[in-house]
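Undergrad: Sharing entry37.cif, mmCIF, C-alpha atoms:
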```cif
data_target
loop_
_atom_site.label_atom_id
_atom_site.label_comp_id
_atom_site.auth_asym_id
_atom_site.auth_seq_id
_atom_site.Cartn_x
_atom_site.Cartn_y
_atom_site.Cartn_z
CA GLY A 944 -11.36 16.48 -21.11
CA ILE A 945 -11.40 20.26 -20.71
CA GLY A 946 -8.54 21.37 -18.52
CA ALA A 947 -6.62 18.11 -18.94
CA PRO A 948 -2.93 18.43 -19.83
CA LYS A 949 -1.78 17.85 -23.41
CA PHE A 950 1.44 16.08 -24.33
CA PHE A 951 3.15 17.39 -27.46
CA LEU A 952 6.01 16.55 -29.80
CA CYS A 953 7.50 19.15 -32.13
CA ARG A 954 10.40 19.18 -34.53
CA ASP A 955 12.25 22.25 -33.26
CA HIS A 956 12.01 25.04 -30.68
CA ALA A 957 10.35 27.38 -33.17
CA GLN A 958 7.32 25.09 -33.11
CA LEU A 959 6.76 25.09 -29.35
CA SER A 960 3.69 27.30 -29.84
CA PRO A 961 0.37 25.67 -30.83
CA CYS A 962 0.66 27.24 -34.27
CA GLY A 963 3.91 25.42 -35.10
CA GLY A 964 4.37 23.19 -38.14
CA SER A 965 5.52 19.61 -37.44
CA ARG A 966 3.74 19.33 -34.13
CA PHE A 967 1.66 16.53 -32.62
CA GLU A 968 -0.55 16.71 -29.54
CA LEU A 969 -2.17 14.06 -27.40
CA ASP A 970 -4.84 14.58 -24.75
CA GLU A 971 -3.74 12.95 -21.52
CA PHE A 972 -6.05 11.04 -19.22
CA GLY A 973 -5.77 8.95 -16.08
CA GLY A 974 -3.78 5.76 -16.60
CA LEU A 975 -2.12 6.91 -19.84
CA THR A 976 1.56 5.93 -20.13
CA LEU A 977 3.90 7.30 -22.79
CA CYS A 978 7.27 5.80 -23.67
CA LEU A 979 9.50 7.77 -26.07
CA THR A 980 12.08 5.88 -28.14
CA GLY A 981 14.38 6.53 -31.07
CA SER A 982 14.17 9.90 -32.81
CA ALA A 983 11.27 10.95 -30.56
CA ARG A 984 13.84 11.20 -27.77
CA TYR A 985 16.76 12.70 -29.65
CA ALA A 986 15.47 14.65 -32.68
CA TRP A 987 12.15 15.99 -31.36
CA ASP A 988 11.27 18.32 -28.50
CA HIS A 989 8.54 17.23 -26.11
CA GLY A 990 6.65 18.74 -23.24
CA VAL A 991 3.28 19.32 -21.63
CA ILE A 992 0.70 22.08 -21.97
CA ALA A 993 -0.88 22.24 -18.52
CA GLY A 994 -4.47 22.94 -19.42
CA LYS A 995 -6.77 23.92 -22.25
CA SER A 996 -4.86 25.85 -24.93
CA ASP A 997 -6.06 29.08 -26.42
CA TYR A 998 -5.50 28.51 -30.14
CA HIS A 999 -6.39 32.13 -30.90
CA SER A 1000 -3.08 33.12 -29.36
CA SER A 1001 0.46 32.19 -30.34
CA LEU A 1002 1.02 31.09 -26.74
CA ALA A 1003 -0.46 28.18 -24.81
CA CYS A 1004 -2.67 29.66 -22.08
CA LYS A 1005 -3.34 27.58 -18.99
CA ALA A 1006 -6.92 27.01 -17.99
CA PRO A 1007 -7.56 28.37 -14.49
CA ASP A 1008 -9.36 25.24 -13.29
CA VAL A 1009 -6.58 22.71 -13.90
CA VAL A 1010 -6.05 20.67 -10.73
CA GLN A 1011 -4.91 17.33 -12.15
CA GLU A 1012 -1.50 15.98 -11.20
CA ARG A 1013 0.97 14.51 -13.64
CA LEU A 1014 3.87 12.20 -12.78
CA SER A 1015 6.97 12.20 -15.00
CA LEU A 1016 9.63 9.51 -14.57
CA THR A 1017 13.04 9.30 -16.21
CA TRP A 1018 15.16 6.17 -16.30
CA ARG A 1019 18.87 6.51 -16.93
CA TRP A 1020 21.35 3.71 -17.41
CA LEU A 1021 24.93 4.69 -16.56
CA ARG A 1022 27.97 2.68 -17.55
CA LYS A 1023 30.23 1.59 -14.72
CA SER A 1024 32.99 3.73 -16.21
CA ALA A 1025 30.79 6.86 -15.95
CA LEU A 1026 30.29 6.32 -12.21
CA LEU A 1027 34.00 5.62 -11.79
CA TRP A 1028 34.93 8.80 -13.69
CA ALA A 1029 32.76 10.92 -11.38
CA SER A 1030 34.73 9.74 -8.34
CA THR A 1031 38.19 9.60 -9.93
CA GLU A 1032 40.85 12.01 -8.67
CA VAL A 1033 42.46 14.41 -11.13
CA ILE A 1034 45.80 12.57 -11.35
CA ALA A 1035 44.11 9.21 -11.96
CA ALA A 1036 41.79 10.85 -14.52
CA ARG A 1037 44.83 12.16 -16.40
CA ARG A 1038 46.32 8.64 -16.51
CA TRP A 1039 42.97 7.33 -17.73
CA VAL A 1040 42.82 9.83 -20.60
CA CYS A 1041 46.49 9.24 -21.49
CA HIS A 1042 45.94 5.49 -21.68
CA PHE A 1043 42.79 5.93 -23.77
CA ILE A 1044 44.43 8.30 -26.25
CA GLU A 1045 47.42 6.02 -26.68
CA SER A 1046 45.19 2.95 -27.13
CA ALA A 1047 42.90 4.71 -29.62
CA LEU A 1048 45.71 6.10 -31.78
CA THR A 1049 47.54 2.76 -31.71
CA SER A 1050 44.31 1.06 -32.82
CA GLY A 1051 44.21 3.26 -35.93
CA PHE A 1052 41.74 5.98 -34.96
CA SER A 1053 42.56 9.51 -36.09
CA HIS A 1054 43.32 12.47 -33.83
CA ASP A 1055 40.07 14.08 -35.03
CA GLU A 1056 38.00 11.01 -34.09
CA VAL A 1057 39.56 10.81 -30.63
CA ASN A 1058 39.08 14.56 -30.11
CA ALA A 1059 35.43 14.35 -31.14
CA PHE A 1060 34.82 11.38 -28.86
CA LEU A 1061 36.36 13.02 -25.80
CA GLY A 1062 34.94 16.49 -26.32
CA GLY A 1063 31.58 15.89 -27.97
CA GLU A 1064 32.32 18.21 -30.88
CA ASP A 1065 34.08 18.01 -34.22
CA GLU A 1066 37.73 18.94 -33.68
CA SER A 1067 38.79 18.71 -37.31
CA GLY A 1068 42.42 19.58 -37.79
CA GLY A 1069 43.06 19.87 -34.04
CA GLY A 1070 45.57 17.05 -34.06
CA GLU A 1071 47.83 16.22 -31.15
CA GLU A 1072 47.83 19.77 -29.77
CA SER A 1073 44.06 19.72 -29.39
CA LEU A 1074 44.24 16.43 -27.49
CA ARG A 1075 46.47 17.98 -24.84
CA ARG A 1076 43.61 20.01 -23.39
CA PHE A 1077 41.95 16.84 -22.15
CA LEU A 1078 44.98 16.25 -19.91
CA GLN A 1079 44.74 19.71 -18.32
CA SER A 1080 41.28 19.52 -16.78
CA LYS A 1081 38.95 16.69 -15.89
CA ASP A 1082 36.02 18.98 -16.75
CA ALA A 1083 37.19 19.17 -20.39
CA VAL A 1084 36.42 15.47 -20.90
CA MET A 1085 32.76 15.11 -21.83
CA VAL A 1086 32.45 11.54 -23.06
CA PRO A 1087 30.92 10.04 -19.85
CA TRP A 1088 27.96 12.43 -20.13
CA LEU A 1089 27.41 12.61 -23.89
CA ARG A 1090 23.99 11.81 -25.33
CA VAL A 1091 23.95 9.43 -28.26
CA SER A 1092 22.83 12.14 -30.66
CA VAL A 1093 25.65 14.49 -29.59
CA LEU A 1094 28.28 11.79 -29.97
CA GLU A 1095 27.01 10.80 -33.42
CA ALA A 1096 26.98 14.42 -34.58
CA ALA A 1097 30.51 15.00 -33.27
CA LEU A 1098 31.90 11.91 -35.03
CA ARG A 1099 30.13 12.48 -38.35
CA ILE A 1100 32.76 14.68 -40.04
CA PRO A 1101 35.85 12.87 -38.65
CA VAL A 1102 34.45 9.47 -39.62
CA HIS A 1103 33.54 10.69 -43.10
CA ARG A 1104 37.02 12.17 -43.53
CA SER A 1105 38.66 8.93 -42.43
CA GLY A 1106 36.87 7.05 -45.22
CA ARG A 1107 35.59 4.36 -42.85
CA SER A 1108 32.17 4.41 -44.48
CA VAL A 1109 33.74 3.18 -47.73
CA GLY A 1110 33.12 -0.54 -47.90
CA ILE A 1111 30.54 -0.42 -45.14
CA GLY A 1112 28.01 1.29 -47.34
CA ASP A 1113 26.35 3.38 -44.67
CA THR A 1114 27.84 6.39 -42.89
CA GLU A 1115 25.52 5.85 -39.91
CA ASP A 1116 26.80 2.30 -39.49
CA ALA A 1117 30.38 3.56 -39.70
CA ILE A 1118 29.71 6.19 -37.02
CA LEU A 1119 28.15 3.58 -34.74
CA MET A 1120 31.08 1.22 -35.31
CA VAL A 1121 33.60 3.93 -34.39
CA ALA A 1122 31.61 5.11 -31.36
CA LEU A 1123 31.29 1.59 -29.91
CA ALA A 1124 34.94 0.74 -30.57
CA LEU A 1125 36.13 3.93 -28.86
CA LEU A 1126 33.73 3.32 -25.98
CA ARG A 1127 35.22 -0.13 -25.45
CA LEU A 1128 38.72 1.37 -25.36
CA TRP A 1129 37.50 4.01 -22.90
CA ASP A 1130 36.10 1.33 -20.57
CA GLN A 1131 39.28 -0.73 -20.88
CA SER A 1132 41.32 2.33 -19.91
CA ALA A 1133 39.11 2.68 -16.83
CA ASP A 1134 40.01 -0.90 -15.85
CA HIS A 1135 43.68 -0.09 -16.39
CA VAL A 1136 43.54 2.92 -14.06
CA THR A 1137 41.59 0.96 -11.43
CA LYS A 1138 44.29 -1.70 -11.34
CA LEU A 1139 47.02 0.91 -11.04
CA SER A 1140 45.19 2.63 -8.17
CA ASN A 1141 44.49 -0.66 -6.38
CA PRO A 1142 47.40 -3.10 -6.82
CA SER A 1143 45.50 -5.83 -4.95
CA SER A 1144 42.95 -5.94 -7.79
CA ARG A 1145 45.52 -6.89 -10.41
CA ASP A 1146 45.16 -10.23 -12.09
CA ILE A 1147 47.27 -13.00 -10.63
#
```
Just give me the structure of the file as structure tokens.

TA:
Amino acid sequence: GIGAPKFFLCRDHAQLSPCGGSRFELDEFGGLTLCLTGSARYAWDHGVIAGKSDYHSSLACKAPDVVQERLSLTWRWLRKSALLWASTEVIAARRWVCHFIESALTSGFSHDEVNAFLGGEDESGGGEESLRRFLQSKDAVMVPWLRVSVLEAALRIPVHRSGRSVGIGDTEDAILMVALALLRLWDQSADHVTKLSNPSSRDI
């Protein structure tokens, strides 16, 4: 009704105003539940207009009589390795990264792919020298906190350059394959560091 909040989806920040192009709005009401999945989460912006919008203006104006409450919940699933990384000391973190880099390169991944995975950005041509920065500071390593969309974007150019999509038929499938394989190696490196830090946990 009048004064109720509106939920909106828009394609980019330039369309945050009511006059934007690819924009969708939904009147909210008591009991309504929205669940965003897929590209709605990663490729579209979303938010709430708290009240009746003035469509004669380029800005959303809040109605003065809005008193309704709105509850927003966010669920996040964190890998065990992400929690471990947050509590890992700098020296152990350096061993972790060293083990991962060695494992990834030995497994046939390129320096550019490993750089992109660790840093969340395309490091084309960085090579071994660029990898060294991840050993200098724990804060330089971004992989535990990367969103799926950021990781995919970072790996796109390195994966294409490596030619992995040839024979697979789909670049997106190749990117996913590389991302999951590197993530497995990252988690395995976490197990390696845990065993080194706690000798009693080693396999007998």

Undergrad: Which residues, named as in the file, does the PyMOL selection byres ((chain A and resi 1045-1061) around 7) pick out? Answer as a PyMOL selection string.

TA: chain A and resi 1041-1044+1062-1071+1074+1084-1086+1094+1097-1098+1101-1102+1125+1128

Undergrad: Filtering to C-alpha atoms, could you give me those residues as a short mmCIF file (atom, residue, chain, number, x, y, z; two decimals), in the coordinates of the input?

TA:
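That gives us part31.cif:
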```cif
data_model
loop_
_atom_site.label_atom_id
_atom_site.label_comp_id
_atom_site.auth_asym_id
_atom_site.auth_seq_id
_atom_site.Cartn_x
_atom_site.Cartn_y
_atom_site.Cartn_z
CA CYS A 1041 46.49 9.24 -21.49
CA HIS A 1042 45.94 5.49 -21.68
CA PHE A 1043 42.79 5.93 -23.77
CA ILE A 1044 44.43 8.30 -26.25
CA GLY A 1062 34.94 16.49 -26.32
CA GLY A 1063 31.58 15.89 -27.97
CA GLU A 1064 32.32 18.21 -30.88
CA ASP A 1065 34.08 18.01 -34.22
CA GLU A 1066 37.73 18.94 -33.68
CA SER A 1067 38.79 18.71 -37.31
CA GLY A 1068 42.42 19.58 -37.79
CA GLY A 1069 43.06 19.87 -34.04
CA GLY A 1070 45.57 17.05 -34.06
CA GLU A 1071 47.83 16.22 -31.15
CA LEU A 1074 44.24 16.43 -27.49
CA VAL A 1084 36.42 15.47 -20.90
CA MET A 1085 32.76 15.11 -21.83
CA VAL A 1086 32.45 11.54 -23.06
CA LEU A 1094 28.28 11.79 -29.97
CA ALA A 1097 30.51 15.00 -33.27
CA LEU A 1098 31.90 11.91 -35.03
CA PRO A 1101 35.85 12.87 -38.65
CA VAL A 1102 34.45 9.47 -39.62
CA LEU A 1125 36.13 3.93 -28.86
CA LEU A 1128 38.72 1.37 -25.36
#
```

Undergrad: For A:Leu1126, which of A:His989, A:Arg1022, A:Arg966, A:Lys949 is the closest residue, counting all atoms listed in the file?

TA: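 The answer is A:Arg1022, which sits nearest to A:Leu1126.
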
Undergrad: For A:Ala1133, which residue out of A:Gln1079, A:Ser1030, A:Ser1024, A:Ser1073 is the nearest one, using all atoms listed in the file?

TA: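 Closest to A:Ala1133 of all the choices is A:Ser1024.
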
Undergrad: Give me, please, the distance in Å between atom CA of A:Trp1020 and atom CA of A:Thr980, quoted to one decimal.

TA: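 Those two atoms sit 14.3 Å apart.
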
Undergrad: Atom CA of A:Lys1023 to atom CA of A:Pro1087: how many Å, to one decimal?

TA: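 So the answer is 9.9 Å.
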
Undergrad: Write out N, CA, C and O atoms for stretch 1076-1090 of chain A, as a PDB file, in the coordinates of the input.

TA:
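As written to disk, result09.pdb reads:
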```
ATOM      1  N   ARG A1076      44.502  19.316 -24.324  1.00  0.00           N
ATOM      2  CA  ARG A1076      43.610  20.010 -23.390  1.00  0.00           C
ATOM      3  C   ARG A1076      42.859  19.051 -22.488  1.00  0.00           C
ATOM      4  O   ARG A1076      42.451  19.410 -21.382  1.00  0.00           O
ATOM      5  N   PHE A1077      42.672  17.816 -22.962  1.00  0.00           N
ATOM      6  CA  PHE A1077      41.950  16.840 -22.150  1.00  0.00           C
ATOM      7  C   PHE A1077      42.795  16.338 -20.973  1.00  0.00           C
ATOM      8  O   PHE A1077      42.284  15.691 -20.069  1.00  0.00           O
ATOM      9  N   LEU A1078      44.098  16.643 -21.008  1.00  0.00           N
ATOM     10  CA  LEU A1078      44.980  16.250 -19.910  1.00  0.00           C
ATOM     11  C   LEU A1078      45.090  17.367 -18.872  1.00  0.00           C
ATOM     12  O   LEU A1078      45.630  17.145 -17.793  1.00  0.00           O
ATOM     13  N   GLN A1079      44.607  18.555 -19.198  1.00  0.00           N
ATOM     14  CA  GLN A1079      44.740  19.710 -18.320  1.00  0.00           C
ATOM     15  C   GLN A1079      43.625  19.784 -17.285  1.00  0.00           C
ATOM     16  O   GLN A1079      43.837  20.222 -16.159  1.00  0.00           O
ATOM     17  N   SER A1080      42.433  19.388 -17.680  1.00  0.00           N
ATOM     18  CA  SER A1080      41.280  19.520 -16.780  1.00  0.00           C
ATOM     19  C   SER A1080      40.333  18.339 -16.957  1.00  0.00           C
ATOM     20  O   SER A1080      39.987  17.969 -18.076  1.00  0.00           O
ATOM     21  N   LYS A1081      39.921  17.782 -15.848  1.00  0.00           N
ATOM     22  CA  LYS A1081      38.950  16.690 -15.890  1.00  0.00           C
ATOM     23  C   LYS A1081      37.624  17.156 -16.473  1.00  0.00           C
ATOM     24  O   LYS A1081      36.914  16.388 -17.131  1.00  0.00           O
ATOM     25  N   ASP A1082      37.289  18.431 -16.264  1.00  0.00           N
ATOM     26  CA  ASP A1082      36.020  18.980 -16.750  1.00  0.00           C
ATOM     27  C   ASP A1082      35.974  19.075 -18.271  1.00  0.00           C
ATOM     28  O   ASP A1082      34.895  19.195 -18.853  1.00  0.00           O
ATOM     29  N   ALA A1083      37.159  19.057 -18.924  1.00  0.00           N
ATOM     30  CA  ALA A1083      37.190  19.170 -20.390  1.00  0.00           C
ATOM     31  C   ALA A1083      36.723  17.880 -21.059  1.00  0.00           C
ATOM     32  O   ALA A1083      36.309  17.883 -22.212  1.00  0.00           O
ATOM     33  N   VAL A1084      36.787  16.767 -20.336  1.00  0.00           N
ATOM     34  CA  VAL A1084      36.420  15.470 -20.900  1.00  0.00           C
ATOM     35  C   VAL A1084      34.915  15.259 -20.737  1.00  0.00           C
ATOM     36  O   VAL A1084      34.398  15.174 -19.624  1.00  0.00           O
ATOM     37  N   MET A1085      34.211  15.161 -21.866  1.00  0.00           N
ATOM     38  CA  MET A1085      32.760  15.110 -21.830  1.00  0.00           C
ATOM     39  C   MET A1085      32.172  13.740 -22.127  1.00  0.00           C
ATOM     40  O   MET A1085      30.979  13.526 -21.971  1.00  0.00           O
ATOM     41  N   VAL A1086      33.004  12.796 -22.564  1.00  0.00           N
ATOM     42  CA  VAL A1086      32.450  11.540 -23.060  1.00  0.00           C
ATOM     43  C   VAL A1086      31.557  10.790 -22.064  1.00  0.00           C
ATOM     44  O   VAL A1086      30.573  10.186 -22.486  1.00  0.00           O
ATOM     45  N   PRO A1087      31.824  10.795 -20.735  1.00  0.00           N
ATOM     46  CA  PRO A1087      30.920  10.040 -19.850  1.00  0.00           C
ATOM     47  C   PRO A1087      29.483  10.550 -19.859  1.00  0.00           C
ATOM     48  O   PRO A1087      28.558   9.813 -19.539  1.00  0.00           O
ATOM     49  N   TRP A1088      29.290  11.829 -20.239  1.00  0.00           N
ATOM     50  CA  TRP A1088      27.960  12.430 -20.130  1.00  0.00           C
ATOM     51  C   TRP A1088      27.316  12.704 -21.480  1.00  0.00           C
ATOM     52  O   TRP A1088      26.239  13.298 -21.546  1.00  0.00           O
ATOM     53  N   LEU A1089      27.929  12.297 -22.568  1.00  0.00           N
ATOM     54  CA  LEU A1089      27.410  12.610 -23.890  1.00  0.00           C
ATOM     55  C   LEU A1089      26.144  11.814 -24.219  1.00  0.00           C
ATOM     56  O   LEU A1089      26.079  10.611 -23.977  1.00  0.00           O
ATOM     57  N   ARG A1090      25.153  12.503 -24.785  1.00  0.00           N
ATOM     58  CA  ARG A1090      23.990  11.810 -25.330  1.00  0.00           C
ATOM     59  C   ARG A1090      24.380  11.178 -26.652  1.00  0.00           C
ATOM     60  O   ARG A1090      25.311  11.611 -27.322  1.00  0.00           O
TER      61      ARG A1090
END
```
